[in-house]
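entry_8.cif (mmCIF, N, CA and C atoms and all ligand atoms) appears below.
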```
data_my_file
loop_
_atom_site.label_atom_id
_atom_site.label_comp_id
_atom_site.auth_asym_id
_atom_site.auth_seq_id
_atom_site.Cartn_x
_atom_site.Cartn_y
_atom_site.Cartn_z
N MET A 1455 1.51 9.67 -72.78
CA MET A 1455 0.39 10.40 -73.42
C MET A 1455 -0.96 9.75 -73.09
N LEU A 1456 -1.01 8.40 -73.18
CA LEU A 1456 -2.27 7.71 -72.86
C LEU A 1456 -2.66 7.99 -71.42
N ALA A 1457 -1.66 7.87 -70.52
CA ALA A 1457 -1.94 8.06 -69.09
C ALA A 1457 -2.31 9.52 -68.81
N ALA A 1458 -1.68 10.45 -69.50
CA ALA A 1458 -1.99 11.86 -69.28
C ALA A 1458 -3.43 12.16 -69.67
N ILE A 1459 -3.87 11.62 -70.79
CA ILE A 1459 -5.25 11.84 -71.22
C ILE A 1459 -6.22 11.16 -70.27
N HIS A 1460 -5.90 9.90 -69.91
CA HIS A 1460 -6.77 9.17 -68.98
C HIS A 1460 -6.89 9.94 -67.66
N GLY A 1461 -5.74 10.44 -67.18
CA GLY A 1461 -5.73 11.15 -65.90
C GLY A 1461 -6.53 12.44 -65.93
N ALA A 1462 -6.52 13.11 -67.08
CA ALA A 1462 -7.27 14.36 -67.20
C ALA A 1462 -8.76 14.12 -67.37
N ALA A 1463 -9.11 12.94 -67.89
CA ALA A 1463 -10.51 12.67 -68.22
C ALA A 1463 -11.28 12.03 -67.08
N PHE A 1464 -10.59 11.25 -66.24
CA PHE A 1464 -11.26 10.52 -65.17
C PHE A 1464 -10.95 11.12 -63.81
N PRO A 1465 -11.81 10.92 -62.82
CA PRO A 1465 -11.52 11.39 -61.47
C PRO A 1465 -10.28 10.69 -60.91
N PRO A 1466 -9.57 11.32 -59.97
CA PRO A 1466 -8.32 10.76 -59.46
C PRO A 1466 -8.44 9.31 -59.00
N ALA A 1467 -9.55 8.95 -58.38
CA ALA A 1467 -9.70 7.58 -57.86
C ALA A 1467 -9.73 6.55 -58.98
N GLU A 1468 -10.05 6.99 -60.19
CA GLU A 1468 -10.16 6.05 -61.31
C GLU A 1468 -9.00 6.19 -62.29
N HIS A 1469 -8.02 7.01 -61.93
CA HIS A 1469 -6.91 7.29 -62.84
C HIS A 1469 -5.97 6.08 -62.97
N TRP A 1470 -5.66 5.72 -64.19
CA TRP A 1470 -4.65 4.68 -64.44
C TRP A 1470 -3.35 5.36 -64.83
N ASP A 1471 -2.28 5.05 -64.11
CA ASP A 1471 -0.99 5.63 -64.47
C ASP A 1471 -0.35 4.82 -65.60
N GLU A 1472 0.83 5.27 -66.00
CA GLU A 1472 1.48 4.61 -67.15
C GLU A 1472 1.72 3.13 -66.90
N ALA A 1473 2.09 2.79 -65.66
CA ALA A 1473 2.35 1.38 -65.35
C ALA A 1473 1.07 0.56 -65.49
N ALA A 1474 -0.04 1.11 -65.03
CA ALA A 1474 -1.31 0.38 -65.10
C ALA A 1474 -1.72 0.18 -66.55
N ILE A 1475 -1.53 1.20 -67.36
CA ILE A 1475 -1.89 1.08 -68.77
C ILE A 1475 -0.95 0.11 -69.48
N ALA A 1476 0.35 0.22 -69.16
CA ALA A 1476 1.32 -0.70 -69.78
C ALA A 1476 0.98 -2.15 -69.42
N ALA A 1477 0.55 -2.36 -68.18
CA ALA A 1477 0.20 -3.71 -67.75
C ALA A 1477 -0.98 -4.25 -68.57
N GLN A 1478 -1.96 -3.38 -68.83
CA GLN A 1478 -3.10 -3.81 -69.65
C GLN A 1478 -2.64 -4.18 -71.05
N LEU A 1479 -1.69 -3.39 -71.56
CA LEU A 1479 -1.26 -3.59 -72.95
C LEU A 1479 -0.38 -4.82 -73.12
N THR A 1480 0.21 -5.29 -72.04
CA THR A 1480 1.03 -6.50 -72.17
C THR A 1480 0.19 -7.77 -72.11
N LEU A 1481 -1.07 -7.64 -71.70
CA LEU A 1481 -1.94 -8.81 -71.68
C LEU A 1481 -2.25 -9.23 -73.13
N PRO A 1482 -2.45 -10.51 -73.35
CA PRO A 1482 -2.77 -10.94 -74.72
C PRO A 1482 -3.99 -10.20 -75.26
N GLY A 1483 -3.87 -9.71 -76.47
CA GLY A 1483 -4.99 -9.03 -77.10
C GLY A 1483 -5.15 -7.58 -76.72
N GLY A 1484 -4.30 -7.08 -75.83
CA GLY A 1484 -4.42 -5.69 -75.41
C GLY A 1484 -4.06 -4.74 -76.54
N PHE A 1485 -4.83 -3.66 -76.65
CA PHE A 1485 -4.51 -2.67 -77.69
C PHE A 1485 -4.90 -1.27 -77.21
N SER A 1486 -4.26 -0.27 -77.80
CA SER A 1486 -4.63 1.11 -77.52
C SER A 1486 -4.58 1.89 -78.82
N LEU A 1487 -5.40 2.92 -78.91
CA LEU A 1487 -5.38 3.84 -80.04
C LEU A 1487 -5.33 5.24 -79.47
N LEU A 1488 -4.51 6.08 -80.07
CA LEU A 1488 -4.32 7.44 -79.58
C LEU A 1488 -4.79 8.44 -80.62
N ASP A 1489 -5.59 9.39 -80.19
CA ASP A 1489 -5.90 10.56 -80.99
C ASP A 1489 -4.97 11.65 -80.49
N PRO A 1490 -3.97 12.05 -81.27
CA PRO A 1490 -3.00 13.03 -80.78
C PRO A 1490 -3.64 14.36 -80.43
N GLY A 1491 -4.85 14.58 -80.89
CA GLY A 1491 -5.58 15.79 -80.53
C GLY A 1491 -6.15 15.75 -79.13
N GLY A 1492 -6.03 14.58 -78.46
CA GLY A 1492 -6.46 14.54 -77.07
C GLY A 1492 -7.44 13.44 -76.71
N GLY A 1493 -7.27 12.27 -77.29
CA GLY A 1493 -8.16 11.16 -76.94
C GLY A 1493 -7.43 9.84 -76.95
N MET A 1494 -7.98 8.89 -76.25
CA MET A 1494 -7.39 7.55 -76.21
C MET A 1494 -8.47 6.51 -75.97
N VAL A 1495 -8.19 5.31 -76.47
CA VAL A 1495 -9.05 4.17 -76.17
C VAL A 1495 -8.16 2.98 -75.90
N LEU A 1496 -8.57 2.21 -74.92
CA LEU A 1496 -7.80 1.03 -74.50
C LEU A 1496 -8.76 -0.15 -74.52
N GLY A 1497 -8.32 -1.25 -75.08
CA GLY A 1497 -9.20 -2.41 -75.15
C GLY A 1497 -8.45 -3.71 -75.13
N ARG A 1498 -9.21 -4.76 -75.19
CA ARG A 1498 -8.62 -6.09 -75.14
C ARG A 1498 -9.49 -7.05 -75.94
N ILE A 1499 -8.84 -7.86 -76.74
CA ILE A 1499 -9.55 -8.85 -77.55
C ILE A 1499 -9.20 -10.23 -77.03
N ALA A 1500 -10.23 -11.04 -76.82
CA ALA A 1500 -10.02 -12.43 -76.40
C ALA A 1500 -10.93 -13.29 -77.29
N ALA A 1501 -10.30 -14.06 -78.15
CA ALA A 1501 -11.04 -14.86 -79.13
C ALA A 1501 -11.94 -13.93 -79.93
N ASP A 1502 -13.25 -14.22 -79.98
CA ASP A 1502 -14.10 -13.36 -80.81
C ASP A 1502 -14.85 -12.30 -80.00
N GLU A 1503 -14.40 -12.08 -78.76
CA GLU A 1503 -15.01 -11.04 -77.94
C GLU A 1503 -13.97 -10.00 -77.57
N ALA A 1504 -14.41 -8.76 -77.45
CA ALA A 1504 -13.49 -7.70 -77.05
C ALA A 1504 -14.15 -6.86 -75.97
N GLU A 1505 -13.30 -6.17 -75.22
CA GLU A 1505 -13.80 -5.27 -74.18
C GLU A 1505 -13.11 -3.92 -74.35
N ILE A 1506 -13.90 -2.86 -74.30
CA ILE A 1506 -13.35 -1.51 -74.22
C ILE A 1506 -13.09 -1.24 -72.74
N LEU A 1507 -11.83 -1.05 -72.39
CA LEU A 1507 -11.46 -0.86 -70.99
C LEU A 1507 -11.49 0.61 -70.59
N ALA A 1508 -11.19 1.47 -71.54
CA ALA A 1508 -11.22 2.91 -71.26
C ALA A 1508 -11.36 3.68 -72.56
N LEU A 1509 -12.15 4.72 -72.50
CA LEU A 1509 -12.29 5.66 -73.62
C LEU A 1509 -12.27 7.04 -72.98
N ALA A 1510 -11.37 7.90 -73.43
CA ALA A 1510 -11.22 9.19 -72.76
C ALA A 1510 -10.82 10.27 -73.75
N VAL A 1511 -11.42 11.42 -73.56
CA VAL A 1511 -11.09 12.61 -74.36
C VAL A 1511 -10.84 13.76 -73.37
N LEU A 1512 -9.80 14.53 -73.63
CA LEU A 1512 -9.51 15.67 -72.75
C LEU A 1512 -10.73 16.57 -72.65
N PRO A 1513 -11.02 17.07 -71.44
CA PRO A 1513 -12.24 17.86 -71.25
C PRO A 1513 -12.39 19.00 -72.26
N GLU A 1514 -11.30 19.67 -72.57
CA GLU A 1514 -11.41 20.83 -73.47
C GLU A 1514 -11.47 20.44 -74.94
N ARG A 1515 -11.41 19.15 -75.22
CA ARG A 1515 -11.44 18.68 -76.62
C ARG A 1515 -12.69 17.86 -76.93
N ARG A 1516 -13.68 17.96 -76.07
CA ARG A 1516 -14.88 17.11 -76.23
C ARG A 1516 -15.92 17.73 -77.15
N ARG A 1517 -16.86 16.90 -77.52
CA ARG A 1517 -18.04 17.27 -78.31
C ARG A 1517 -17.71 17.70 -79.74
N VAL A 1518 -16.60 17.19 -80.27
CA VAL A 1518 -16.34 17.41 -81.69
C VAL A 1518 -16.14 16.09 -82.40
N GLY A 1519 -16.57 15.00 -81.77
CA GLY A 1519 -16.55 13.70 -82.45
C GLY A 1519 -15.35 12.82 -82.17
N ARG A 1520 -14.46 13.25 -81.28
CA ARG A 1520 -13.27 12.43 -81.02
C ARG A 1520 -13.63 11.09 -80.38
N GLY A 1521 -14.52 11.13 -79.40
CA GLY A 1521 -14.90 9.90 -78.73
C GLY A 1521 -15.56 8.91 -79.68
N ARG A 1522 -16.48 9.41 -80.47
CA ARG A 1522 -17.19 8.57 -81.45
C ARG A 1522 -16.19 7.97 -82.45
N THR A 1523 -15.24 8.80 -82.90
CA THR A 1523 -14.26 8.33 -83.89
C THR A 1523 -13.33 7.28 -83.28
N LEU A 1524 -12.90 7.52 -82.05
CA LEU A 1524 -12.03 6.54 -81.38
C LEU A 1524 -12.75 5.21 -81.18
N LEU A 1525 -14.01 5.28 -80.77
CA LEU A 1525 -14.77 4.05 -80.57
C LEU A 1525 -14.91 3.29 -81.88
N ALA A 1526 -15.20 4.00 -82.96
CA ALA A 1526 -15.34 3.35 -84.27
C ALA A 1526 -14.01 2.74 -84.70
N ALA A 1527 -12.91 3.44 -84.43
CA ALA A 1527 -11.59 2.90 -84.80
C ALA A 1527 -11.28 1.65 -83.99
N ALA A 1528 -11.66 1.66 -82.71
CA ALA A 1528 -11.43 0.47 -81.88
C ALA A 1528 -12.26 -0.70 -82.41
N GLU A 1529 -13.49 -0.43 -82.81
CA GLU A 1529 -14.34 -1.49 -83.36
C GLU A 1529 -13.73 -2.06 -84.65
N GLN A 1530 -13.19 -1.18 -85.48
CA GLN A 1530 -12.54 -1.66 -86.72
C GLN A 1530 -11.35 -2.54 -86.40
N HIS A 1531 -10.58 -2.12 -85.40
CA HIS A 1531 -9.42 -2.92 -84.99
C HIS A 1531 -9.89 -4.30 -84.50
N VAL A 1532 -10.93 -4.30 -83.69
CA VAL A 1532 -11.46 -5.57 -83.16
C VAL A 1532 -11.95 -6.46 -84.30
N ALA A 1533 -12.70 -5.86 -85.21
CA ALA A 1533 -13.25 -6.64 -86.33
C ALA A 1533 -12.13 -7.22 -87.19
N ALA A 1534 -11.09 -6.41 -87.42
CA ALA A 1534 -9.97 -6.88 -88.25
C ALA A 1534 -9.24 -8.03 -87.58
N ALA A 1535 -9.30 -8.08 -86.25
CA ALA A 1535 -8.64 -9.15 -85.50
C ALA A 1535 -9.56 -10.36 -85.30
N GLY A 1536 -10.77 -10.30 -85.87
CA GLY A 1536 -11.68 -11.43 -85.78
C GLY A 1536 -12.72 -11.31 -84.69
N GLY A 1537 -12.76 -10.17 -84.01
CA GLY A 1537 -13.75 -9.98 -82.95
C GLY A 1537 -15.14 -9.79 -83.53
N ARG A 1538 -16.13 -10.32 -82.84
CA ARG A 1538 -17.51 -10.24 -83.32
C ARG A 1538 -18.42 -9.43 -82.41
N VAL A 1539 -18.01 -9.27 -81.16
CA VAL A 1539 -18.85 -8.51 -80.24
C VAL A 1539 -17.95 -7.71 -79.30
N VAL A 1540 -18.40 -6.51 -78.99
CA VAL A 1540 -17.65 -5.62 -78.09
C VAL A 1540 -18.48 -5.39 -76.84
N PHE A 1541 -17.85 -5.56 -75.69
CA PHE A 1541 -18.48 -5.30 -74.40
C PHE A 1541 -17.81 -4.10 -73.75
N LEU A 1542 -18.53 -3.44 -72.87
CA LEU A 1542 -17.92 -2.39 -72.04
C LEU A 1542 -18.81 -2.15 -70.83
N GLU A 1543 -18.23 -1.49 -69.85
CA GLU A 1543 -18.97 -1.12 -68.65
C GLU A 1543 -19.00 0.39 -68.55
N VAL A 1544 -20.13 0.93 -68.16
CA VAL A 1544 -20.24 2.37 -67.99
C VAL A 1544 -21.13 2.65 -66.78
N SER A 1545 -20.78 3.68 -66.05
CA SER A 1545 -21.59 4.06 -64.90
C SER A 1545 -22.95 4.56 -65.36
N GLN A 1546 -23.96 4.16 -64.61
CA GLN A 1546 -25.30 4.65 -64.92
C GLN A 1546 -25.35 6.17 -64.84
N ALA A 1547 -24.44 6.75 -64.04
CA ALA A 1547 -24.43 8.20 -63.84
C ALA A 1547 -23.69 8.95 -64.94
N ASN A 1548 -23.03 8.22 -65.83
CA ASN A 1548 -22.20 8.86 -66.87
C ASN A 1548 -23.03 9.13 -68.13
N GLU A 1549 -23.75 10.24 -68.10
CA GLU A 1549 -24.71 10.51 -69.18
C GLU A 1549 -24.02 10.73 -70.53
N ALA A 1550 -22.85 11.38 -70.52
CA ALA A 1550 -22.15 11.64 -71.79
C ALA A 1550 -21.77 10.33 -72.46
N ALA A 1551 -21.14 9.45 -71.70
CA ALA A 1551 -20.70 8.18 -72.27
C ALA A 1551 -21.89 7.31 -72.66
N ARG A 1552 -22.92 7.31 -71.83
CA ARG A 1552 -24.10 6.49 -72.17
C ARG A 1552 -24.73 6.97 -73.47
N ALA A 1553 -24.78 8.29 -73.67
CA ALA A 1553 -25.34 8.82 -74.90
C ALA A 1553 -24.48 8.43 -76.10
N LEU A 1554 -23.17 8.52 -75.92
CA LEU A 1554 -22.26 8.15 -77.01
C LEU A 1554 -22.45 6.68 -77.38
N TYR A 1555 -22.46 5.82 -76.37
CA TYR A 1555 -22.57 4.38 -76.65
C TYR A 1555 -23.93 4.02 -77.24
N ALA A 1556 -24.98 4.66 -76.74
CA ALA A 1556 -26.31 4.37 -77.29
C ALA A 1556 -26.36 4.77 -78.76
N ALA A 1557 -25.80 5.94 -79.06
CA ALA A 1557 -25.81 6.41 -80.46
C ALA A 1557 -24.99 5.49 -81.35
N ALA A 1558 -23.99 4.82 -80.76
CA ALA A 1558 -23.12 3.92 -81.53
C ALA A 1558 -23.70 2.51 -81.63
N GLY A 1559 -24.88 2.30 -81.03
CA GLY A 1559 -25.54 1.01 -81.20
C GLY A 1559 -25.35 0.03 -80.06
N TYR A 1560 -24.83 0.49 -78.94
CA TYR A 1560 -24.64 -0.41 -77.79
C TYR A 1560 -25.94 -0.55 -77.02
N ARG A 1561 -26.18 -1.75 -76.54
CA ARG A 1561 -27.39 -2.05 -75.78
C ARG A 1561 -27.03 -2.69 -74.45
N GLU A 1562 -27.86 -2.45 -73.45
CA GLU A 1562 -27.59 -2.99 -72.11
C GLU A 1562 -27.81 -4.50 -72.10
N VAL A 1563 -26.81 -5.23 -71.62
CA VAL A 1563 -26.93 -6.69 -71.52
C VAL A 1563 -26.74 -7.18 -70.09
N GLY A 1564 -26.44 -6.27 -69.18
CA GLY A 1564 -26.27 -6.66 -67.79
C GLY A 1564 -26.05 -5.44 -66.92
N ARG A 1565 -26.02 -5.68 -65.63
CA ARG A 1565 -25.89 -4.58 -64.68
C ARG A 1565 -25.18 -5.10 -63.42
N ARG A 1566 -24.24 -4.30 -62.91
CA ARG A 1566 -23.58 -4.64 -61.65
C ARG A 1566 -24.00 -3.59 -60.63
N ASN A 1567 -24.77 -4.05 -59.63
CA ASN A 1567 -25.34 -3.12 -58.66
C ASN A 1567 -24.26 -2.47 -57.81
N ARG A 1568 -24.37 -1.14 -57.67
CA ARG A 1568 -23.48 -0.34 -56.81
C ARG A 1568 -22.02 -0.70 -57.03
N TYR A 1569 -21.64 -0.74 -58.28
CA TYR A 1569 -20.31 -1.18 -58.68
C TYR A 1569 -19.25 -0.11 -58.43
N TYR A 1570 -19.64 1.16 -58.57
CA TYR A 1570 -18.67 2.25 -58.49
C TYR A 1570 -18.62 2.83 -57.08
N PRO A 1571 -17.49 3.49 -56.74
CA PRO A 1571 -17.32 4.03 -55.39
C PRO A 1571 -18.43 5.01 -55.00
N ASP A 1572 -19.03 5.70 -55.97
CA ASP A 1572 -20.11 6.64 -55.64
C ASP A 1572 -21.46 5.94 -55.49
N GLY A 1573 -21.46 4.61 -55.60
CA GLY A 1573 -22.70 3.86 -55.42
C GLY A 1573 -23.49 3.64 -56.69
N ALA A 1574 -23.00 4.18 -57.80
CA ALA A 1574 -23.73 4.01 -59.06
C ALA A 1574 -23.58 2.58 -59.58
N ASP A 1575 -24.62 2.13 -60.25
CA ASP A 1575 -24.55 0.83 -60.92
C ASP A 1575 -23.65 0.92 -62.14
N ALA A 1576 -23.03 -0.19 -62.48
CA ALA A 1576 -22.36 -0.31 -63.78
C ALA A 1576 -23.31 -0.98 -64.74
N LEU A 1577 -23.46 -0.37 -65.89
CA LEU A 1577 -24.24 -0.99 -66.97
C LEU A 1577 -23.26 -1.74 -67.86
N VAL A 1578 -23.56 -2.98 -68.16
CA VAL A 1578 -22.75 -3.74 -69.10
C VAL A 1578 -23.43 -3.61 -70.46
N LEU A 1579 -22.70 -3.03 -71.40
CA LEU A 1579 -23.25 -2.79 -72.74
C LEU A 1579 -22.51 -3.66 -73.75
N ALA A 1580 -23.19 -3.96 -74.83
CA ALA A 1580 -22.56 -4.77 -75.88
C ALA A 1580 -23.06 -4.32 -77.24
N ARG A 1581 -22.21 -4.54 -78.21
CA ARG A 1581 -22.60 -4.31 -79.61
C ARG A 1581 -22.02 -5.41 -80.47
N SER A 1582 -22.88 -6.02 -81.26
CA SER A 1582 -22.41 -7.01 -82.21
C SER A 1582 -21.80 -6.32 -83.41
N LEU A 1583 -20.63 -6.79 -83.84
CA LEU A 1583 -19.99 -6.22 -85.02
C LEU A 1583 -20.38 -6.97 -86.28
N ARG A 1584 -21.15 -8.01 -86.12
CA ARG A 1584 -21.54 -8.82 -87.27
C ARG A 1584 -22.26 -7.95 -88.29
N GLY A 1585 -21.74 -7.91 -89.49
CA GLY A 1585 -22.35 -7.10 -90.53
C GLY A 1585 -21.92 -5.65 -90.52
N ALA A 1586 -21.35 -5.21 -89.35
CA ALA A 1586 -20.97 -3.80 -89.25
C ALA A 1586 -19.81 -3.45 -90.14
N THR A 1587 -19.01 -4.45 -90.50
CA THR A 1587 -17.82 -4.17 -91.30
C THR A 1587 -17.93 -4.76 -92.70
N ALA A 1588 -19.13 -5.20 -93.05
CA ALA A 1588 -19.30 -5.80 -94.37
C ALA A 1588 -18.94 -4.79 -95.46
N ALA A 1589 -18.25 -5.28 -96.45
CA ALA A 1589 -17.82 -4.35 -97.52
C ALA A 1589 -19.01 -3.94 -98.36
C1 LIG B 1 -17.43 10.06 -72.96
C2 LIG B 1 -16.37 10.84 -73.74
C3 LIG B 1 -15.25 9.91 -74.17
C4 LIG B 1 -17.05 11.44 -74.99
O1 LIG B 1 -16.04 12.03 -75.81
P1 LIG B 1 -16.39 13.17 -76.89
O2 LIG B 1 -15.23 13.31 -77.80
O3 LIG B 1 -16.87 14.39 -76.20
O4 LIG B 1 -17.63 12.50 -77.65
P2 LIG B 1 -18.16 12.88 -79.11
O5 LIG B 1 -17.90 14.33 -79.41
O6 LIG B 1 -17.60 11.89 -80.09
O7 LIG B 1 -19.72 12.65 -78.91
C5 LIG B 1 -20.44 11.68 -79.65
C6 LIG B 1 -21.88 11.67 -79.18
O8 LIG B 1 -21.96 11.22 -77.81
C7 LIG B 1 -22.99 11.96 -77.14
N1 LIG B 1 -22.40 12.81 -76.10
C8 LIG B 1 -21.08 13.05 -75.89
N2 LIG B 1 -20.92 13.86 -74.83
C9 LIG B 1 -22.16 14.17 -74.37
C10 LIG B 1 -22.64 14.94 -73.30
N3 LIG B 1 -21.82 15.61 -72.47
N4 LIG B 1 -23.97 15.00 -73.10
C11 LIG B 1 -24.83 14.35 -73.90
N5 LIG B 1 -24.43 13.58 -74.96
C12 LIG B 1 -23.10 13.49 -75.17
C13 LIG B 1 -23.68 12.80 -78.19
O9 LIG B 1 -24.70 11.99 -78.77
C14 LIG B 1 -22.54 13.02 -79.16
O10 LIG B 1 -22.96 13.35 -80.46
P3 LIG B 1 -23.26 14.91 -80.83
O11 LIG B 1 -22.09 15.72 -80.32
O12 LIG B 1 -23.36 14.88 -82.32
O13 LIG B 1 -24.53 15.26 -80.12
C15 LIG B 1 -15.82 12.03 -72.90
O14 LIG B 1 -16.91 12.77 -72.38
C16 LIG B 1 -14.92 11.60 -71.76
O15 LIG B 1 -13.71 11.43 -71.92
N6 LIG B 1 -15.52 11.43 -70.55
C17 LIG B 1 -14.74 11.04 -69.36
C18 LIG B 1 -14.27 9.61 -69.46
C19 LIG B 1 -15.42 8.65 -69.65
O16 LIG B 1 -16.45 8.76 -69.02
N7 LIG B 1 -15.25 7.64 -70.55
C20 LIG B 1 -16.27 6.67 -70.87
C21 LIG B 1 -16.38 5.59 -69.87
S1 LIG B 1 -15.08 4.36 -70.08
#
```
What is this file in structure tokens?
Amino acid sequence: MLAAIHGAAFPPAEHWDEAAIAAQLTLPGGFSLLDPGGGMVLGRIAADEAEILALAVLPERRRVGRGRTLLAAAEQHVAAAGGRVVFLEVSQANEAARALYAAAGYREVGRRNRYYPDGADALVLARSLRGATAA
């Protein structure tokens, strides 16, 4: 299911099959969350830092809050595990994801020039969870 959603959401060159996703999940701190309505998020926690490795929603299920909800759930998972900051990479050309992350409080902390096959830069974004989960 995770691989099916990832495959439908990303271009073929960026598709992770079940083996690739399983490999990520066997690494220490690896986690995934599934929205059975058609979304998935994959991440990894290392000490007090975490990385969102993939966030995907089926094309026909977008713009109803699934991505935002999955990201928030991943952040809660990270915070519960002791994570304090979340990092991720997004293509400069990915306007939908950039808008989602900006609205969620992510800020640019770095850039990898011409990182993607289409020549787009990767933006490295981060959000501190400090205080975000305070009761
Ligand atoms: C990025 C992605 C996960 C967003 O999922 P989604 O369920 O459609 O997102 P949401 O409905 O939760 O949107 C939350 C906010 O993000 C922004 N946003 C999402 N899609 C947008 C778009 N196409 N254009 C502009 N803003 C967008 C909006 O601010 C939106 O809030 P609003 O609908 O109230 O205006 C989805 O487009 C996707 O799977 N894309 C392909 C994979 C990908 O690029 N993943 C991210 C990189 S790892």
So that each row is one residue of chain A with an atom at most 7 Å from ligand LIG 1 (chain B), can you give its shortest atom pair and the distance in Å to one decimal, using only C-alpha atoms and all ligand atoms, rows by chain and rising number, as a tab-separated table?
```
residue	atom	partner	partner_atom	distance
A:Ala1463	CA	B:LIG1	C17	4.7
A:Phe1464	CA	B:LIG1	C18	5.3
A:Leu1507	CA	B:LIG1	S1	6.4
A:Ala1508	CA	B:LIG1	S1	4.3
A:Leu1509	CA	B:LIG1	S1	4.7
A:Ala1510	CA	B:LIG1	O15	3.5
A:Val1511	CA	B:LIG1	O15	3.8
A:Leu1512	CA	B:LIG1	O15	6.0
A:Pro1513	CA	B:LIG1	O15	6.6
A:Arg1515	CA	B:LIG1	O2	6.7
A:Arg1516	CA	B:LIG1	O3	3.4
A:Arg1517	CA	B:LIG1	O5	3.1
A:Val1518	CA	B:LIG1	O5	4.1
A:Gly1519	CA	B:LIG1	O6	3.2
A:Arg1520	CA	B:LIG1	O2	3.9
A:Gly1521	CA	B:LIG1	O2	3.5
A:Arg1522	CA	B:LIG1	O6	3.6
A:Thr1523	CA	B:LIG1	O6	6.2
A:Glu1543	CA	B:LIG1	S1	6.9
A:Val1544	CA	B:LIG1	C21	5.4
A:Asn1548	CA	B:LIG1	O16	6.1
A:Glu1549	CA	B:LIG1	N4	6.0
A:Ala1550	CA	B:LIG1	C9	3.6
A:Ala1551	CA	B:LIG1	C1	3.8
A:Ala1553	CA	B:LIG1	C7	4.5
A:Leu1554	CA	B:LIG1	O8	3.2
A:Tyr1555	CA	B:LIG1	O8	7.0
A:Ala1557	CA	B:LIG1	O9	5.9
```
So what do you get for atom CA of Val1532 of chain A versus atom CA of Phe1485 of chain A, distance-wise?
9.3 Å
I need the residues of chain A that end up classed as strand (DSSP E or B) by DSSP on the backbone, written out as a PyMOL selection string.
chain A and resi 1484-1489+1493-1500+1503-1511+1539-1545+1561-1566+1576-1582
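Coordinates place atom C of Ala1501 of chain A at a distance of 5.6 Å from atom N of Gly1537 of chain A.
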Distance of atom CA of Ala1504 of chain A from atom CA of Val1539 of chain A, expressed in Å to one decimal place
6.3 Å
List every residue of chain A that DSSP, applied to the backbone of this structure, places in helix (DSSP H, G or I), and write the result as number ranges by chain.
A: 1456-1463, 1466-1468, 1472-1480, 1513-1515, 1520-1534, 1549-1557
Mind checking which residues fall within 8 Å of Met1455 of chain A, counting all atoms listed in the file, ignoring those fewer than 2 positions away in the same chain, and posting them as a list in words?
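Once the adjacent positions are removed, what remains is Ala1457, Ala1458, Ile1459, His1460, Gly1461, Glu1472, Leu1488, Gly1493 and Met1494 of chain A.
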Neighbours of segment 1565-1576 of chain A within 12 Å (only C-alpha atoms; same-chain residues fewer than 6 positions away dropped), as a PDB file with N, CA and C atoms, in the frame of the given file?
```pdb
ATOM      1  N   PRO A1465     -11.810  10.920 -62.820  1.00  0.00           N
ATOM      2  CA  PRO A1465     -11.520  11.390 -61.470  1.00  0.00           C
ATOM      3  C   PRO A1465     -10.280  10.690 -60.910  1.00  0.00           C
ATOM      4  N   PRO A1466      -9.570  11.320 -59.970  1.00  0.00           N
ATOM      5  CA  PRO A1466      -8.320  10.760 -59.460  1.00  0.00           C
ATOM      6  C   PRO A1466      -8.440   9.310 -59.000  1.00  0.00           C
ATOM      7  N   ALA A1467      -9.550   8.950 -58.380  1.00  0.00           N
ATOM      8  CA  ALA A1467      -9.700   7.580 -57.860  1.00  0.00           C
ATOM      9  C   ALA A1467      -9.730   6.550 -58.980  1.00  0.00           C
ATOM     10  N   GLU A1468     -10.050   6.990 -60.190  1.00  0.00           N
ATOM     11  CA  GLU A1468     -10.160   6.050 -61.310  1.00  0.00           C
ATOM     12  C   GLU A1468      -9.000   6.190 -62.290  1.00  0.00           C
ATOM     13  N   LEU A1542     -18.530  -3.440 -72.870  1.00  0.00           N
ATOM     14  CA  LEU A1542     -17.920  -2.390 -72.040  1.00  0.00           C
ATOM     15  C   LEU A1542     -18.810  -2.150 -70.830  1.00  0.00           C
ATOM     16  N   GLU A1543     -18.230  -1.490 -69.850  1.00  0.00           N
ATOM     17  CA  GLU A1543     -18.970  -1.120 -68.650  1.00  0.00           C
ATOM     18  C   GLU A1543     -19.000   0.390 -68.550  1.00  0.00           C
ATOM     19  N   VAL A1544     -20.130   0.930 -68.160  1.00  0.00           N
ATOM     20  CA  VAL A1544     -20.240   2.370 -67.990  1.00  0.00           C
ATOM     21  C   VAL A1544     -21.130   2.650 -66.780  1.00  0.00           C
ATOM     22  N   SER A1545     -20.780   3.680 -66.050  1.00  0.00           N
ATOM     23  CA  SER A1545     -21.590   4.060 -64.900  1.00  0.00           C
ATOM     24  C   SER A1545     -22.950   4.560 -65.360  1.00  0.00           C
ATOM     25  N   GLN A1546     -23.960   4.160 -64.610  1.00  0.00           N
ATOM     26  CA  GLN A1546     -25.300   4.650 -64.920  1.00  0.00           C
ATOM     27  C   GLN A1546     -25.350   6.170 -64.840  1.00  0.00           C
ATOM     28  N   ALA A1547     -24.440   6.750 -64.040  1.00  0.00           N
ATOM     29  CA  ALA A1547     -24.430   8.200 -63.840  1.00  0.00           C
ATOM     30  C   ALA A1547     -23.690   8.950 -64.940  1.00  0.00           C
ATOM     31  N   ASN A1548     -23.030   8.220 -65.830  1.00  0.00           N
ATOM     32  CA  ASN A1548     -22.200   8.860 -66.870  1.00  0.00           C
ATOM     33  C   ASN A1548     -23.030   9.130 -68.130  1.00  0.00           C
ATOM     34  N   ARG A1552     -22.920   7.310 -71.830  1.00  0.00           N
ATOM     35  CA  ARG A1552     -24.100   6.490 -72.170  1.00  0.00           C
ATOM     36  C   ARG A1552     -24.730   6.970 -73.470  1.00  0.00           C
TER      37      ARG A1552
END
```
